[in-house]
file structure39.csv (CSV, C-alpha atoms)
chain,number,residue,atom,x,y,z
A,1361,MET,CA,-40.6,37.9,-10.0
A,1362,THR,CA,-38.1,36.8,-12.7
A,1363,THR,CA,-35.5,36.5,-10.0
A,1364,LEU,CA,-37.7,34.1,-8.2
A,1365,TYR,CA,-38.2,32.0,-11.3
A,1366,LEU,CA,-34.5,32.0,-12.0
A,1367,LEU,CA,-33.7,31.0,-8.4
A,1368,LEU,CA,-36.3,28.1,-8.6
A,1369,ALA,CA,-34.8,27.0,-11.9
A,1370,LEU,CA,-31.3,27.0,-10.4
A,1371,VAL,CA,-32.5,25.0,-7.4
A,1372,ALA,CA,-34.3,22.5,-9.5
A,1373,THR,CA,-31.2,22.1,-11.8
A,1374,ALA,CA,-28.9,21.6,-8.8
A,1375,ALA,CA,-31.3,19.0,-7.4
A,1376,TRP,CA,-31.4,17.2,-10.7
A,1377,ILE,CA,-27.6,17.2,-11.0
A,1378,THR,CA,-27.2,16.0,-7.5
A,1379,SER,CA,-29.7,13.1,-7.9
A,1380,THR,CA,-28.1,12.1,-11.2
A,1381,VAL,CA,-24.6,12.1,-9.7
A,1382,THR,CA,-25.8,10.1,-6.7
A,1383,LEU,CA,-27.4,7.5,-8.9
A,1384,ARG,CA,-24.3,7.2,-11.0
A,1385,MET,CA,-22.1,6.8,-7.9
A,1386,LYS,CA,-24.3,4.1,-6.5
A,1387,ALA,CA,-24.1,2.2,-9.9
A,1388,LEU,CA,-20.3,2.5,-9.9
A,1389,GLU,CA,-20.2,1.3,-6.3
A,1390,ARG,CA,-22.2,-1.8,-7.2
A,1391,ARG,CA,-20.0,-2.5,-10.2
A,1392,SER,CA,-16.9,-2.1,-8.1
A,1393,GLU,CA,-18.3,-4.6,-5.5
A,1394,ARG,CA,-19.1,-7.1,-8.3
A,1395,LEU,CA,-15.6,-6.7,-9.8
A,1396,GLU,CA,-14.0,-7.2,-6.3
A,1397,ARG,CA,-16.0,-10.4,-5.8
A,1398,ARG,CA,-15.0,-11.7,-9.2
A,1399,LEU,CA,-11.3,-10.9,-8.6
A,1400,GLY,CA,-11.6,-12.7,-5.3
A,1401,LEU,CA,-12.9,-15.8,-7.0
A,1402,VAL,CA,-10.1,-15.7,-9.6
A,1403,LEU,CA,-7.5,-15.3,-6.9
A,1404,ASP,CA,-9.1,-18.2,-4.9
A,1405,HIS,CA,-9.2,-20.4,-8.0
A,1406,PHE,CA,-5.5,-19.9,-8.7
A,1407,GLY,CA,-4.6,-20.2,-5.0
A,1408,ILE,CA,-3.2,-16.7,-4.9
A,1409,GLU,CA,-3.3,-14.9,-1.6
A,1410,GLU,CA,-3.4,-11.2,-1.6
A,1411,PRO,CA,-0.1,-9.9,-0.1
A,1412,GLU,CA,-0.3,-8.0,3.1
A,1413,PRO,CA,0.4,-4.3,2.6
A,1414,ALA,CA,3.8,-3.1,3.9
A,1415,GLY,CA,3.4,-1.3,7.2
A,1416,LEU,CA,1.0,-3.6,9.0
A,1417,ASP,CA,3.8,-4.7,11.3
A,1418,GLU,CA,3.9,-1.1,12.5
A,1419,VAL,CA,0.1,-1.2,13.0
A,1420,ARG,CA,0.4,-4.4,15.1
A,1421,ALA,CA,3.2,-2.8,17.2
A,1422,LEU,CA,1.1,0.2,17.9
A,1423,VAL,CA,-1.9,-2.0,18.8
A,1424,ARG,CA,0.4,-4.0,21.3
A,1425,GLU,CA,1.4,-0.6,22.8
A,1426,GLY,CA,-2.2,0.4,23.2
A,1427,ARG,CA,-1.9,3.3,20.8
A,1428,THR,CA,-5.1,2.5,18.9
A,1429,ILE,CA,-5.7,5.9,17.3
A,1430,GLU,CA,-2.2,6.0,15.9
A,1431,ALA,CA,-2.6,2.4,14.7
A,1432,ILE,CA,-5.8,3.5,12.8
A,1433,ARG,CA,-3.9,6.4,11.3
A,1434,VAL,CA,-1.1,4.2,10.1
A,1435,TYR,CA,-3.5,1.6,8.8
A,1436,ARG,CA,-5.3,4.2,6.7
A,1437,ARG,CA,-2.0,5.5,5.4
A,1438,VAL,CA,-0.6,2.1,4.4
A,1439,THR,CA,-3.9,0.6,3.0
A,1440,GLY,CA,-5.8,3.6,1.7
A,1441,ALA,CA,-8.8,2.4,3.8
A,1442,ASP,CA,-11.5,4.8,5.0
A,1443,LEU,CA,-11.8,5.6,8.7
A,1444,LEU,CA,-14.5,3.1,9.4
A,1445,GLU,CA,-12.7,0.2,7.7
A,1446,ALA,CA,-9.4,1.1,9.4
A,1447,LYS,CA,-11.2,1.3,12.8
A,1448,GLN,CA,-12.8,-2.1,12.3
A,1449,ALA,CA,-9.5,-3.7,11.1
A,1450,VAL,CA,-7.6,-2.3,14.1
A,1451,GLU,CA,-10.3,-3.4,16.5
A,1452,ALA,CA,-10.1,-6.9,15.0
A,1453,LEU,CA,-6.4,-6.9,15.8
A,1454,THR,CA,-7.1,-5.8,19.4
A,1455,GLY,CA,-9.8,-8.4,19.8
A,1456,VAL,CA,-12.4,-5.8,20.8
call {"tool": "encode", "arguments": {"input": "structure39.csv", "output": "structure tokens"}}
result
Amino acid sequence: MTTLYLLLALVATAAWITSTVTLRMKALERRSERLERRLGLVLDHFGIEEPEPAGLDEVRALVREGRTIEAIRVYRRVTGADLLEAKQAVEALTGV
């Protein structure tokens, strides 16, 4: 019986930790989005354009050759983007 209580306590603790971490991650994501918007406003105010990451010429060449999957891989490597963001960016280049 004590093993059952110990197991329930362990599960409850794990659930509490998970929810706490999830809430903290969401708060950090919201803060990051606000900071990115503010940085964008500052860059716009001063007329500064964000430089294009090195390697996008390779991505464009792969897109022209119809090698979309490789283009997505290279885009992720040169920009640090996640898979969905890279896929959307490469599709924008292909006009899909």
call {"tool": "residues_around", "arguments": {"input": "structure39.csv", "residues": "Val1423 in chain A", "least_positions_apart": "4", "cutoff": "10 Å", "atoms": "only C-alpha atoms", "output": "JSON, numbers by chain"}}
result
{"A": [1417, 1418, 1419, 1427, 1428, 1429, 1430, 1431, 1432, 1450, 1451, 1453, 1454]}
call {"tool": "write_last_selection", "arguments": {"input": "structure39.csv", "atoms": "C-alpha atoms", "output": "PDB file, in the coordinates of the input"}}
result
ATOM      1  CA  ASP A1417       3.800  -4.700  11.300  1.00  0.00           C
ATOM      2  CA  GLU A1418       3.900  -1.100  12.500  1.00  0.00           C
ATOM      3  CA  VAL A1419       0.100  -1.200  13.000  1.00  0.00           C
ATOM      4  CA  ARG A1427      -1.900   3.300  20.800  1.00  0.00           C
ATOM      5  CA  THR A1428      -5.100   2.500  18.900  1.00  0.00           C
ATOM      6  CA  ILE A1429      -5.700   5.900  17.300  1.00  0.00           C
ATOM      7  CA  GLU A1430      -2.200   6.000  15.900  1.00  0.00           C
ATOM      8  CA  ALA A1431      -2.600   2.400  14.700  1.00  0.00           C
ATOM      9  CA  ILE A1432      -5.800   3.500  12.800  1.00  0.00           C
ATOM     10  CA  VAL A1450      -7.600  -2.300  14.100  1.00  0.00           C
ATOM     11  CA  GLU A1451     -10.300  -3.400  16.500  1.00  0.00           C
ATOM     12  CA  LEU A1453      -6.400  -6.900  15.800  1.00  0.00           C
ATOM     13  CA  THR A1454      -7.100  -5.800  19.400  1.00  0.00           C
TER      14      THR A1454
END
call {"tool": "atom_distance", "arguments": {"input": "structure39.csv", "atom1": "CA of Ala1452 in chain A", "atom2": "CA of Gly1415 in chain A"}}
result
16.6 Å
call {"tool": "atom_distance", "arguments": {"input": "structure39.csv", "atom1": "CA of Arg1384 in chain A", "atom2": "CA of Thr1439 in chain A"}}
result
25.6 Å
call {"tool": "atom_distance", "arguments": {"input": "structure39.csv", "atom1": "CA of Leu1444 in chain A", "atom2": "CA of Ile1377 in chain A"}}
result
28.0 Å
call {"tool": "decode", "arguments": {"input": "structure39.csv", "residues": "range 1433-1454 of chain A", "atoms": "C-alpha atoms", "output": "PDB file, in the first residue's frame"}}
result
ATOM      1  CA  ARG A1433      18.056  21.260 -44.820  1.00  0.00           C
ATOM      2  CA  VAL A1434      20.476  23.980 -45.900  1.00  0.00           C
ATOM      3  CA  TYR A1435      18.044  26.719 -44.844  1.00  0.00           C
ATOM      4  CA  ARG A1436      17.808  25.165 -41.377  1.00  0.00           C
ATOM      5  CA  ARG A1437      21.585  24.915 -41.151  1.00  0.00           C
ATOM      6  CA  VAL A1438      22.304  28.510 -42.179  1.00  0.00           C
ATOM      7  CA  THR A1439      19.458  30.186 -40.276  1.00  0.00           C
ATOM      8  CA  GLY A1440      18.875  27.932 -37.275  1.00  0.00           C
ATOM      9  CA  ALA A1441      15.178  27.786 -38.169  1.00  0.00           C
ATOM     10  CA  ASP A1442      12.959  24.922 -37.124  1.00  0.00           C
ATOM     11  CA  LEU A1443      11.578  22.512 -39.704  1.00  0.00           C
ATOM     12  CA  LEU A1444       8.230  24.257 -40.186  1.00  0.00           C
ATOM     13  CA  GLU A1445       9.779  27.712 -40.560  1.00  0.00           C
ATOM     14  CA  ALA A1446      12.358  26.389 -43.033  1.00  0.00           C
ATOM     15  CA  LYS A1447       9.703  24.572 -45.061  1.00  0.00           C
ATOM     16  CA  GLN A1448       7.551  27.710 -45.257  1.00  0.00           C
ATOM     17  CA  ALA A1449      10.515  29.876 -46.268  1.00  0.00           C
ATOM     18  CA  VAL A1450      11.612  27.465 -49.006  1.00  0.00           C
ATOM     19  CA  GLU A1451       8.022  27.149 -50.250  1.00  0.00           C
ATOM     20  CA  ALA A1452       7.876  30.955 -50.429  1.00  0.00           C
ATOM     21  CA  LEU A1453      10.963  30.855 -52.639  1.00  0.00           C
ATOM     22  CA  THR A1454       9.385  28.251 -54.910  1.00  0.00           C
TER      23      THR A1454
END
